[in-house]
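data-v8.pdb (PDB, C-alpha atoms and all ligand atoms) appears below.
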ATOM      1  CA  MET A  48     -11.388  13.063  -3.426  1.00  0.00           C
ATOM      2  CA  HIS A  49     -14.245  10.637  -2.831  1.00  0.00           C
ATOM      3  CA  GLY A  50     -14.657  10.080  -6.575  1.00  0.00           C
ATOM      4  CA  ILE A  51     -11.237   8.411  -6.873  1.00  0.00           C
ATOM      5  CA  GLY A  52     -11.386   4.821  -8.176  1.00  0.00           C
ATOM      6  CA  ASP A  53     -12.553   2.257  -5.638  1.00  0.00           C
ATOM      7  CA  VAL A  54     -12.368   4.559  -2.622  1.00  0.00           C
ATOM      8  CA  ARG A  55     -16.160   4.653  -2.087  1.00  0.00           C
ATOM      9  CA  PHE A  56     -15.986   0.937  -1.251  1.00  0.00           C
ATOM     10  CA  PHE A  57     -13.424   1.570   1.481  1.00  0.00           C
ATOM     11  CA  ASP A  58     -15.391   4.509   2.870  1.00  0.00           C
ATOM     12  CA  ARG A  59     -18.145   1.966   3.604  1.00  0.00           C
ATOM     13  CA  PHE A  60     -15.878  -0.932   4.579  1.00  0.00           C
ATOM     14  CA  ALA A  61     -13.715   1.031   7.051  1.00  0.00           C
ATOM     15  CA  ARG A  62     -15.690   0.162  10.185  1.00  0.00           C
ATOM     16  CA  ILE A  63     -15.208  -3.586   9.791  1.00  0.00           C
ATOM     17  CA  TYR A  64     -11.932  -3.622   7.823  1.00  0.00           C
ATOM     18  CA  ASP A  65      -9.607  -4.534  10.692  1.00  0.00           C
ATOM     19  CA  TRP A  66     -11.955  -7.206  11.969  1.00  0.00           C
ATOM     20  CA  VAL A  67     -12.119  -9.123   8.702  1.00  0.00           C
ATOM     21  CA  MET A  68      -8.591  -8.680   7.346  1.00  0.00           C
ATOM     22  CA  PRO A  69      -5.696 -10.910   8.430  1.00  0.00           C
ATOM     23  CA  ALA A  70      -2.542  -9.206   9.725  1.00  0.00           C
ATOM     24  CA  ALA A  71      -0.104  -7.926   7.095  1.00  0.00           C
ATOM     25  CA  ASP A  72       2.863 -10.188   6.315  1.00  0.00           C
ATOM     26  CA  ARG A  73       5.574  -8.877   8.632  1.00  0.00           C
ATOM     27  CA  ASP A  74       8.352 -11.116   7.246  1.00  0.00           C
ATOM     28  CA  SER A  75       7.825 -10.223   3.582  1.00  0.00           C
ATOM     29  CA  LEU A  76       7.725  -6.526   4.400  1.00  0.00           C
ATOM     30  CA  ALA A  77      10.865  -6.779   6.569  1.00  0.00           C
ATOM     31  CA  ALA A  78      12.765  -8.660   3.840  1.00  0.00           C
ATOM     32  CA  ALA A  79      11.794  -6.042   1.268  1.00  0.00           C
ATOM     33  CA  LEU A  80      12.584  -3.039   3.471  1.00  0.00           C
ATOM     34  CA  SER A  81      15.968  -4.522   4.365  1.00  0.00           C
ATOM     35  CA  ARG A  82      17.036  -3.852   0.766  1.00  0.00           C
ATOM     36  CA  ALA A  83      17.206  -0.129   1.541  1.00  0.00           C
ATOM     37  CA  ASP A  84      20.616   1.353   1.918  1.00  0.00           C
ATOM     38  CA  GLY A  85      20.568   2.562   5.569  1.00  0.00           C
ATOM     39  CA  GLU A  86      17.912   2.998   8.239  1.00  0.00           C
ATOM     40  CA  ILE A  87      14.203   3.502   7.550  1.00  0.00           C
ATOM     41  CA  ASP A  88      13.544   6.557   9.691  1.00  0.00           C
ATOM     42  CA  ARG A  89      10.697   7.989   7.580  1.00  0.00           C
ATOM     43  CA  LEU A  90       8.203   5.742   5.810  1.00  0.00           C
ATOM     44  CA  LEU A  91       5.061   6.449   3.778  1.00  0.00           C
ATOM     45  CA  ASP A  92       2.301   3.846   3.684  1.00  0.00           C
ATOM     46  CA  LEU A  93       0.541   4.741   0.416  1.00  0.00           C
ATOM     47  CA  GLY A  94      -3.089   3.636   0.251  1.00  0.00           C
ATOM     48  CA  GLY A  95      -2.349   2.685   3.843  1.00  0.00           C
ATOM     49  CA  GLY A  96      -6.000   2.637   4.916  1.00  0.00           C
ATOM     50  CA  THR A  97      -6.388   1.781   8.592  1.00  0.00           C
ATOM     51  CA  GLY A  98      -2.622   1.423   9.077  1.00  0.00           C
ATOM     52  CA  ARG A  99      -2.747  -2.388   9.040  1.00  0.00           C
ATOM     53  CA  ALA A 100       0.591  -2.645   7.163  1.00  0.00           C
ATOM     54  CA  SER A 101       2.219   0.310   8.953  1.00  0.00           C
ATOM     55  CA  ILE A 102       1.991  -1.472  12.293  1.00  0.00           C
ATOM     56  CA  ALA A 103       3.655  -4.553  10.774  1.00  0.00           C
ATOM     57  CA  VAL A 104       6.865  -2.755   9.765  1.00  0.00           C
ATOM     58  CA  ASP A 105       9.894  -1.907  11.802  1.00  0.00           C
ATOM     59  CA  ALA A 106      10.446   1.741  10.878  1.00  0.00           C
ATOM     60  CA  GLY A 107      10.728   5.109  12.592  1.00  0.00           C
ATOM     61  CA  GLU A 108       8.162   7.744  11.741  1.00  0.00           C
ATOM     62  CA  ARG A 109       5.340   6.230   9.671  1.00  0.00           C
ATOM     63  CA  THR A 110       2.721   8.195   7.743  1.00  0.00           C
ATOM     64  CA  VAL A 111      -0.407   6.575   6.345  1.00  0.00           C
ATOM     65  CA  VAL A 112      -1.555   8.343   3.157  1.00  0.00           C
ATOM     66  CA  ASP A 113      -5.051   7.512   1.936  1.00  0.00           C
ATOM     67  CA  VAL A 114      -7.952   9.111   0.126  1.00  0.00           C
ATOM     68  CA  SER A 115     -10.624   7.600   2.365  1.00  0.00           C
ATOM     69  CA  ARG A 116     -11.429   9.642   5.472  1.00  0.00           C
ATOM     70  CA  PRO A 117     -13.156   6.730   7.255  1.00  0.00           C
ATOM     71  CA  MET A 118     -10.123   4.473   6.708  1.00  0.00           C
ATOM     72  CA  LEU A 119      -7.819   7.232   8.014  1.00  0.00           C
ATOM     73  CA  ALA A 120     -10.051   7.793  11.030  1.00  0.00           C
ATOM     74  CA  ARG A 121      -9.470   4.167  11.909  1.00  0.00           C
ATOM     75  CA  ALA A 122      -5.694   4.579  11.426  1.00  0.00           C
ATOM     76  CA  ARG A 123      -5.777   7.448  13.931  1.00  0.00           C
ATOM     77  CA  THR A 124      -7.201   5.101  16.577  1.00  0.00           C
ATOM     78  CA  ARG A 125      -3.936   3.156  16.342  1.00  0.00           C
ATOM     79  CA  THR A 126      -2.464   5.688  18.690  1.00  0.00           C
ATOM     80  CA  ALA A 127      -5.141   5.037  21.308  1.00  0.00           C
ATOM     81  CA  SER A 128      -5.301   1.885  23.392  1.00  0.00           C
ATOM     82  CA  GLY A 129      -8.331   0.211  24.862  1.00  0.00           C
ATOM     83  CA  PRO A 130     -10.702  -2.720  24.380  1.00  0.00           C
ATOM     84  CA  GLY A 131     -11.207  -3.616  20.731  1.00  0.00           C
ATOM     85  CA  ARG A 132      -8.513  -1.232  19.633  1.00  0.00           C
ATOM     86  CA  PRO A 133      -5.310  -2.322  17.897  1.00  0.00           C
ATOM     87  CA  ALA A 134      -2.169  -2.202  20.029  1.00  0.00           C
ATOM     88  CA  ASP A 135      -0.077   0.966  20.039  1.00  0.00           C
ATOM     89  CA  PRO A 136       2.535   0.989  17.269  1.00  0.00           C
ATOM     90  CA  PRO A 137       6.192   1.072  18.391  1.00  0.00           C
ATOM     91  CA  GLY A 138       6.969   4.528  16.921  1.00  0.00           C
ATOM     92  CA  PRO A 139       5.079   7.609  15.751  1.00  0.00           C
ATOM     93  CA  LEU A 140       2.234   6.898  13.326  1.00  0.00           C
ATOM     94  CA  SER A 141       0.388   9.689  11.596  1.00  0.00           C
ATOM     95  CA  ALA A 142      -2.339   9.810   8.976  1.00  0.00           C
ATOM     96  CA  MET A 143      -2.650  12.197   6.033  1.00  0.00           C
ATOM     97  CA  GLN A 144      -5.467  12.444   3.502  1.00  0.00           C
ATOM     98  CA  GLY A 145      -4.095  12.448  -0.029  1.00  0.00           C
ATOM     99  CA  ASP A 146      -3.917  10.827  -3.436  1.00  0.00           C
ATOM    100  CA  ALA A 147      -0.861   8.613  -3.884  1.00  0.00           C
ATOM    101  CA  GLY A 148      -0.613   9.932  -7.443  1.00  0.00           C
ATOM    102  CA  ARG A 149      -0.165  13.541  -6.245  1.00  0.00           C
ATOM    103  CA  LEU A 150       1.739  13.576  -2.966  1.00  0.00           C
ATOM    104  CA  SER A 151       2.134  16.695  -0.826  1.00  0.00           C
ATOM    105  CA  VAL A 152       5.609  15.542   0.146  1.00  0.00           C
ATOM    106  CA  GLY A 153       8.969  17.021  -0.847  1.00  0.00           C
ATOM    107  CA  ASP A 154      11.575  15.420  -3.102  1.00  0.00           C
ATOM    108  CA  ASN A 155      13.785  12.797  -1.380  1.00  0.00           C
ATOM    109  CA  ALA A 156      11.800  13.328   1.834  1.00  0.00           C
ATOM    110  CA  VAL A 157      11.458   9.696   2.941  1.00  0.00           C
ATOM    111  CA  ASP A 158      13.549   6.533   3.155  1.00  0.00           C
ATOM    112  CA  ALA A 159      10.856   4.133   1.984  1.00  0.00           C
ATOM    113  CA  ALA A 160       7.279   3.750   0.837  1.00  0.00           C
ATOM    114  CA  ILE A 161       5.052   0.696   1.000  1.00  0.00           C
ATOM    115  CA  ILE A 162       1.884  -0.044  -0.989  1.00  0.00           C
ATOM    116  CA  VAL A 163       0.148  -3.106   0.419  1.00  0.00           C
ATOM    117  CA  ASP A 164      -2.970  -4.599  -1.210  1.00  0.00           C
ATOM    118  CA  ALA A 165      -3.759  -1.142  -2.551  1.00  0.00           C
ATOM    119  CA  PHE A 166      -1.945  -0.573  -5.860  1.00  0.00           C
ATOM    120  CA  HIS A 167      -4.632  -2.333  -7.922  1.00  0.00           C
ATOM    121  CA  HIS A 168      -7.219   0.109  -6.543  1.00  0.00           C
ATOM    122  CA  MET A 169      -5.265   3.207  -7.613  1.00  0.00           C
ATOM    123  CA  PRO A 170      -6.450   4.665 -10.923  1.00  0.00           C
ATOM    124  CA  GLN A 171      -3.278   6.601 -11.870  1.00  0.00           C
ATOM    125  CA  GLN A 172      -0.753   3.817 -11.398  1.00  0.00           C
ATOM    126  CA  ALA A 173       2.127   5.249 -13.463  1.00  0.00           C
ATOM    127  CA  ALA A 174       1.745   8.559 -11.583  1.00  0.00           C
ATOM    128  CA  VAL A 175       1.840   6.721  -8.225  1.00  0.00           C
ATOM    129  CA  VAL A 176       5.110   5.013  -9.123  1.00  0.00           C
ATOM    130  CA  ALA A 177       6.603   8.280 -10.451  1.00  0.00           C
ATOM    131  CA  GLU A 178       5.602  10.097  -7.258  1.00  0.00           C
ATOM    132  CA  ALA A 179       7.165   7.360  -5.133  1.00  0.00           C
ATOM    133  CA  ASN A 180      10.386   7.695  -7.118  1.00  0.00           C
ATOM    134  CA  ARG A 181      10.356  11.452  -6.518  1.00  0.00           C
ATOM    135  CA  VAL A 182       9.783  11.375  -2.748  1.00  0.00           C
ATOM    136  CA  ILE A 183      12.064   8.444  -1.824  1.00  0.00           C
ATOM    137  CA  ARG A 184      15.714   9.436  -1.320  1.00  0.00           C
ATOM    138  CA  PRO A 185      18.437   7.683  -3.348  1.00  0.00           C
ATOM    139  CA  GLY A 186      19.108   4.211  -1.955  1.00  0.00           C
ATOM    140  CA  GLY A 187      15.631   4.008  -0.442  1.00  0.00           C
ATOM    141  CA  VAL A 188      12.954   1.516  -1.438  1.00  0.00           C
ATOM    142  CA  LEU A 189       9.419   1.256  -2.752  1.00  0.00           C
ATOM    143  CA  VAL A 190       7.799  -2.010  -1.627  1.00  0.00           C
ATOM    144  CA  VAL A 191       4.640  -3.147  -3.403  1.00  0.00           C
ATOM    145  CA  ARG A 192       2.648  -6.160  -2.176  1.00  0.00           C
ATOM    146  CA  GLU A 193       0.067  -7.173  -4.754  1.00  0.00           C
ATOM    147  CA  PHE A 194      -2.058 -10.043  -6.037  1.00  0.00           C
ATOM    148  CA  ASP A 195      -1.050 -11.938  -9.170  1.00  0.00           C
ATOM    149  CA  PRO A 196      -3.949 -12.130 -11.680  1.00  0.00           C
ATOM    150  CA  SER A 197      -2.271 -15.114 -13.407  1.00  0.00           C
ATOM    151  CA  HIS A 198      -2.471 -17.188 -10.171  1.00  0.00           C
ATOM    152  CA  PRO A 199      -5.759 -19.190  -9.850  1.00  0.00           C
ATOM    153  CA  LEU A 200      -6.739 -17.327  -6.659  1.00  0.00           C
ATOM    154  CA  GLY A 201      -5.742 -14.033  -8.273  1.00  0.00           C
ATOM    155  CA  TRP A 202      -7.969 -14.858 -11.241  1.00  0.00           C
ATOM    156  CA  LEU A 203     -10.882 -15.345  -8.831  1.00  0.00           C
ATOM    157  CA  LEU A 204     -10.093 -12.119  -6.981  1.00  0.00           C
ATOM    158  CA  VAL A 205     -10.069 -10.098 -10.219  1.00  0.00           C
ATOM    159  CA  ARG A 206     -13.486 -11.473 -11.149  1.00  0.00           C
ATOM    160  CA  ALA A 207     -14.906 -10.986  -7.644  1.00  0.00           C
ATOM    161  CA  GLU A 208     -13.757  -7.345  -7.454  1.00  0.00           C
ATOM    162  CA  HIS A 209     -15.074  -6.550 -10.928  1.00  0.00           C
ATOM    163  CA  ALA A 210     -18.372  -8.310 -10.161  1.00  0.00           C
ATOM    164  CA  ILE A 211     -19.035  -5.910  -7.278  1.00  0.00           C
ATOM    165  CA  GLY A 212     -18.138  -2.914  -9.437  1.00  0.00           C
ATOM    166  CA  MET A 213     -14.536  -2.210  -8.485  1.00  0.00           C
ATOM    167  CA  GLN A 214     -12.326  -0.775 -11.233  1.00  0.00           C
ATOM    168  CA  SER A 215      -9.190  -2.527 -10.014  1.00  0.00           C
ATOM    169  CA  THR A 216      -6.258  -3.120 -12.378  1.00  0.00           C
ATOM    170  CA  PHE A 217      -3.921  -5.979 -11.504  1.00  0.00           C
ATOM    171  CA  TYR A 218      -0.363  -6.657 -12.696  1.00  0.00           C
ATOM    172  CA  THR A 219       1.627  -9.855 -12.859  1.00  0.00           C
ATOM    173  CA  PRO A 220       4.935  -9.620 -10.931  1.00  0.00           C
ATOM    174  CA  ASP A 221       6.929  -9.191 -14.158  1.00  0.00           C
ATOM    175  CA  ASP A 222       4.636  -6.474 -15.504  1.00  0.00           C
ATOM    176  CA  LEU A 223       4.748  -4.577 -12.202  1.00  0.00           C
ATOM    177  CA  ALA A 224       8.541  -4.922 -12.195  1.00  0.00           C
ATOM    178  CA  ASP A 225       8.608  -3.387 -15.696  1.00  0.00           C
ATOM    179  CA  LEU A 226       6.407  -0.485 -14.573  1.00  0.00           C
ATOM    180  CA  LEU A 227       8.776   0.309 -11.694  1.00  0.00           C
ATOM    181  CA  ALA A 228      11.851  -0.060 -13.937  1.00  0.00           C
ATOM    182  CA  ASP A 229      10.315   2.354 -16.472  1.00  0.00           C
ATOM    183  CA  ALA A 230       9.951   4.910 -13.658  1.00  0.00           C
ATOM    184  CA  GLY A 231      13.682   4.616 -12.903  1.00  0.00           C
ATOM    185  CA  PHE A 232      13.776   2.079 -10.060  1.00  0.00           C
ATOM    186  CA  SER A 233      16.229  -0.792  -9.873  1.00  0.00           C
ATOM    187  CA  VAL A 234      13.796  -3.686  -9.384  1.00  0.00           C
ATOM    188  CA  LYS A 235      13.605  -7.144  -7.847  1.00  0.00           C
ATOM    189  CA  VAL A 236      10.647  -9.539  -7.509  1.00  0.00           C
ATOM    190  CA  LEU A 237      11.149 -10.946  -4.007  1.00  0.00           C
ATOM    191  CA  ASP A 238       8.444 -13.573  -3.750  1.00  0.00           C
ATOM    192  CA  SER A 239       5.672 -14.947  -5.883  1.00  0.00           C
ATOM    193  CA  GLY A 240       2.329 -16.733  -5.551  1.00  0.00           C
ATOM    194  CA  PHE A 241      -1.190 -15.399  -5.016  1.00  0.00           C
ATOM    195  CA  GLU A 242       0.327 -12.426  -3.170  1.00  0.00           C
ATOM    196  CA  TYR A 243       3.771 -11.287  -4.235  1.00  0.00           C
ATOM    197  CA  THR A 244       6.312  -8.594  -3.418  1.00  0.00           C
ATOM    198  CA  VAL A 245       8.182  -6.306  -5.777  1.00  0.00           C
ATOM    199  CA  VAL A 246      10.815  -3.942  -4.422  1.00  0.00           C
ATOM    200  CA  GLY A 247      12.246  -0.990  -6.294  1.00  0.00           C
ATOM    201  CA  THR A 248      15.408   0.762  -5.154  1.00  0.00           C
ATOM    202  CA  THR A 249      15.856   4.424  -6.018  1.00  0.00           C
ATOM    203  CA  ARG A 250      19.069   5.370  -7.806  1.00  0.00           C
TER     204      ARG A 250
HETATM  205  C1  LIG B 301      -7.510  -2.806   0.371  1.00  0.00           C
HETATM  206  S1  LIG B 301      -7.175  -1.247   1.136  1.00  0.00           S
HETATM  207  C2  LIG B 301      -5.522  -1.585   1.719  1.00  0.00           C
HETATM  208  C3  LIG B 301      -5.192  -0.781   2.944  1.00  0.00           C
HETATM  209  C4  LIG B 301      -3.846  -1.093   3.568  1.00  0.00           C
HETATM  210  N1  LIG B 301      -2.753  -0.848   2.657  1.00  0.00           N
HETATM  211  C5  LIG B 301      -3.791  -2.508   4.079  1.00  0.00           C
HETATM  212  O1  LIG B 301      -2.898  -3.249   3.689  1.00  0.00           O
HETATM  213  O2  LIG B 301      -4.641  -2.867   4.888  1.00  0.00           O
HETATM  214  C6  LIG B 301      -6.879  -0.150  -0.245  1.00  0.00           C
HETATM  215  C7  LIG B 301      -6.758   1.311   0.172  1.00  0.00           C
HETATM  216  O3  LIG B 301      -6.277   2.088  -0.927  1.00  0.00           O
HETATM  217  C8  LIG B 301      -6.858   3.375  -0.810  1.00  0.00           C
HETATM  218  N2  LIG B 301      -6.694   4.096  -2.089  1.00  0.00           N
HETATM  219  C9  LIG B 301      -7.241   3.793  -3.289  1.00  0.00           C
HETATM  220  N3  LIG B 301      -6.826   4.663  -4.229  1.00  0.00           N
HETATM  221  C10 LIG B 301      -5.983   5.541  -3.616  1.00  0.00           C
HETATM  222  C11 LIG B 301      -5.206   6.646  -4.050  1.00  0.00           C
HETATM  223  N4  LIG B 301      -5.208   7.046  -5.336  1.00  0.00           N
HETATM  224  N5  LIG B 301      -4.428   7.283  -3.149  1.00  0.00           N
HETATM  225  C12 LIG B 301      -4.406   6.906  -1.846  1.00  0.00           C
HETATM  226  N6  LIG B 301      -5.130   5.859  -1.373  1.00  0.00           N
HETATM  227  C13 LIG B 301      -5.898   5.180  -2.240  1.00  0.00           C
HETATM  228  C14 LIG B 301      -8.298   3.068  -0.409  1.00  0.00           C
HETATM  229  O4  LIG B 301      -8.968   4.184   0.132  1.00  0.00           O
HETATM  230  C15 LIG B 301      -8.070   1.939   0.609  1.00  0.00           C
HETATM  231  O5  LIG B 301      -7.953   2.440   1.920  1.00  0.00           O
END

Would you kindly transcribe this structure into structure tokens?
Amino acid sequence: MHGIGDVRFFDRFARIYDWVMPAADRDSLAAALSRADGEIDRLLDLGGGTGRASIAVDAGERTVVDVSRPMLARARTRTASGPGRPADPPGPLSAMQGDAGRLSVGDNAVDAAIIVDAFHHMPQQAAVVAEANRVIRPGGVLVVREFDPSHPLGWLLVRAEHAIGMQSTFYTPDDLADLLADAGFSVKVLDSGFEYTVVGTTR
């Protein structure tokens, strides 16, 4: 699985990732997840890395799914406390190695999935969205937080990632909304700017 897209970068970056990244945007994620019909008891954090976004959401059982073993190893430390370690999450947090485009999860098995700052690194993007639609139960939500390549900072980010050899593919909010709609989601763009949020509700 190490050959997948940009994962080799995260294998190397895992050790310092949580020290250099700002916290995930709790309010945007909460607003998006609140569009689900009912409680979020089971949540998948796809391309969830070290669990940075998982610990920012108010949900029951959370599972980080990622290809990178070093990133997942870091996510597993979320359950341990101690100096230099992130605080314990409020509910169960587990980590599972896997490709978001081929999930080992049953149909309608979860209430929600989030993909935060990760979708542009995933090579099989249509498959990722289709898999999310399969595993989220009707009335649940897929929340995608991404960077807008048409924003000046997004333009710089695209060039910076490509300059270091990443194969990232970015979508504008409207184009990402179309991709989710084509997969069968009912879609809303919740906020815009350099980083934006699109939420898809399963029918
Ligand atoms: C920038 S990190 C974001 C991590 C986390 N979502 C966060 O907000 O901190 C991108 C993550 O996507 C993961 N990734 C890339 N392609 C993937 C795929 N096809 N399936 C699962 N994870 C993937 C990488 O290994 C990396 O951990």

Please enclose the listed atoms of range 214-221 of chain A in an axis-aligned box, pad each side by 3 Å, and write out the centre and the three edge lengths in Å, rounded to one decimal, as AutoDock Vina command-line options.
--center_x -2.7 --center_y -5.3 --center_z -12.1 --size_x 25.3 --size_y 15.1 --size_z 10.1

Enumerate, in order of chain and increasing residue number, the residues of chain A with an atom no farther than 8 Å from ligand LIG 301 (chain B), each with its shortest atom pair and distance in Å to one decimal, counting only C-alpha atoms and all ligand atoms, as CSV.
residue,atom,partner,partner_atom,distance
A:Ile51,CA,B:LIG301,N3,6.4
A:Gly52,CA,B:LIG301,N3,6.0
A:Asp53,CA,B:LIG301,C9,6.0
A:Val54,CA,B:LIG301,O4,4.4
A:Arg55,CA,B:LIG301,O4,7.5
A:Phe56,CA,B:LIG301,O4,7.9
A:Phe57,CA,B:LIG301,O4,5.3
A:Asp58,CA,B:LIG301,O4,7.0
A:Ala61,CA,B:LIG301,O5,7.8
A:Tyr64,CA,B:LIG301,O2,7.9
A:Asp65,CA,B:LIG301,O2,7.8
A:Met68,CA,B:LIG301,O2,7.4
A:Ala71,CA,B:LIG301,O1,6.4
A:Asp92,CA,B:LIG301,N1,7.0
A:Leu93,CA,B:LIG301,C12,5.9
A:Gly94,CA,B:LIG301,N6,3.4
A:Gly95,CA,B:LIG301,N1,3.7
A:Gly96,CA,B:LIG301,O5,3.6
A:Thr97,CA,B:LIG301,O2,6.2
A:Gly98,CA,B:LIG301,C4,6.2
A:Arg99,CA,B:LIG301,O2,4.6
A:Ala100,CA,B:LIG301,O1,5.0
A:Val112,CA,B:LIG301,C12,5.9
A:Asp113,CA,B:LIG301,N6,3.7
A:Val114,CA,B:LIG301,N6,4.6
A:Ser115,CA,B:LIG301,O4,4.4
A:Met118,CA,B:LIG301,O5,5.6
A:Leu119,CA,B:LIG301,O5,7.8
A:Gln144,CA,B:LIG301,C12,7.8
A:Gly145,CA,B:LIG301,C12,5.8
A:Asp146,CA,B:LIG301,N5,3.6
A:Ala147,CA,B:LIG301,N5,3.9
A:Gly148,CA,B:LIG301,N4,5.8
A:Ile162,CA,B:LIG301,N1,6.0
A:Val163,CA,B:LIG301,N1,4.3
A:Asp164,CA,B:LIG301,C2,4.9
A:Ala165,CA,B:LIG301,C6,4.0
A:Phe166,CA,B:LIG301,O3,7.1
A:His168,CA,B:LIG301,C9,4.9
A:Met169,CA,B:LIG301,N3,4.0
A:Pro170,CA,B:LIG301,N4,6.2
A:Gln171,CA,B:LIG301,N4,6.8
A:Val175,CA,B:LIG301,N4,7.6

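In this model, the gap between CA of Ala83 in chain A and CA of Thr110 in chain A comes to 17.8 Å.
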
Margin query: Which residues are near Ala79 in chain A? Cut-off 12 Å, all atoms listed in the file, ignore same chain within fewer than 6 positions. Put them as a VMD selection string.
Written below: chain A and resid 72 to 73 87 104 to 105 159 to 162 187 to 192 234 to 238 243 to 248

Those residues with C-alpha atoms, as a PDB file, in the coordinates of the input please?
ATOM      1  CA  ASP A  72       2.863 -10.188   6.315  1.00  0.00           C
ATOM      2  CA  ARG A  73       5.574  -8.877   8.632  1.00  0.00           C
ATOM      3  CA  ILE A  87      14.203   3.502   7.550  1.00  0.00           C
ATOM      4  CA  VAL A 104       6.865  -2.755   9.765  1.00  0.00           C
ATOM      5  CA  ASP A 105       9.894  -1.907  11.802  1.00  0.00           C
ATOM      6  CA  ALA A 159      10.856   4.133   1.984  1.00  0.00           C
ATOM      7  CA  ALA A 160       7.279   3.750   0.837  1.00  0.00           C
ATOM      8  CA  ILE A 161       5.052   0.696   1.000  1.00  0.00           C
ATOM      9  CA  ILE A 162       1.884  -0.044  -0.989  1.00  0.00           C
ATOM     10  CA  GLY A 187      15.631   4.008  -0.442  1.00  0.00           C
ATOM     11  CA  VAL A 188      12.954   1.516  -1.438  1.00  0.00           C
ATOM     12  CA  LEU A 189       9.419   1.256  -2.752  1.00  0.00           C
ATOM     13  CA  VAL A 190       7.799  -2.010  -1.627  1.00  0.00           C
ATOM     14  CA  VAL A 191       4.640  -3.147  -3.403  1.00  0.00           C
ATOM     15  CA  ARG A 192       2.648  -6.160  -2.176  1.00  0.00           C
ATOM     16  CA  VAL A 234      13.796  -3.686  -9.384  1.00  0.00           C
ATOM     17  CA  LYS A 235      13.605  -7.144  -7.847  1.00  0.00           C
ATOM     18  CA  VAL A 236      10.647  -9.539  -7.509  1.00  0.00           C
ATOM     19  CA  LEU A 237      11.149 -10.946  -4.007  1.00  0.00           C
ATOM     20  CA  ASP A 238       8.444 -13.573  -3.750  1.00  0.00           C
ATOM     21  CA  TYR A 243       3.771 -11.287  -4.235  1.00  0.00           C
ATOM     22  CA  THR A 244       6.312  -8.594  -3.418  1.00  0.00           C
ATOM     23  CA  VAL A 245       8.182  -6.306  -5.777  1.00  0.00           C
ATOM     24  CA  VAL A 246      10.815  -3.942  -4.422  1.00  0.00           C
ATOM     25  CA  GLY A 247      12.246  -0.990  -6.294  1.00  0.00           C
ATOM     26  CA  THR A 248      15.408   0.762  -5.154  1.00  0.00           C
TER      27      THR A 248
END

Next item on the list: To one decimal in Å, tell me the separation between CA of Leu204 in chain A and CA of Ser81 in chain A.
Entry: 29.4 Å

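For Gly186 in chain A, the residues within 9 Å (counting all atoms listed in the file, excluding itself and residues fewer than 4 positions away along the chain) are Arg82, Ala83, Asp84, Gly85, Asp158, Thr248, Thr249 and Arg250 of chain A.
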
Note to self: Quick check, in Å to one decimal: how far apart do CA of Leu227 in chain A and CA of Ile211 in chain A lie?
What the structure shows: 28.8 Å

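Considering all atoms listed in the file, the residue among A:Ile183, A:Ala230, A:Leu91, A:Val176 positioned nearest to Glu108 in chain A is A:Leu91.
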
Checklist line | Result set of the PyMOL selection byres (((chain A and resi 240) around 7) and not hetatm) on the coordinates above, as a ChimeraX atom specification | finding: /A:195,198,239,241-243
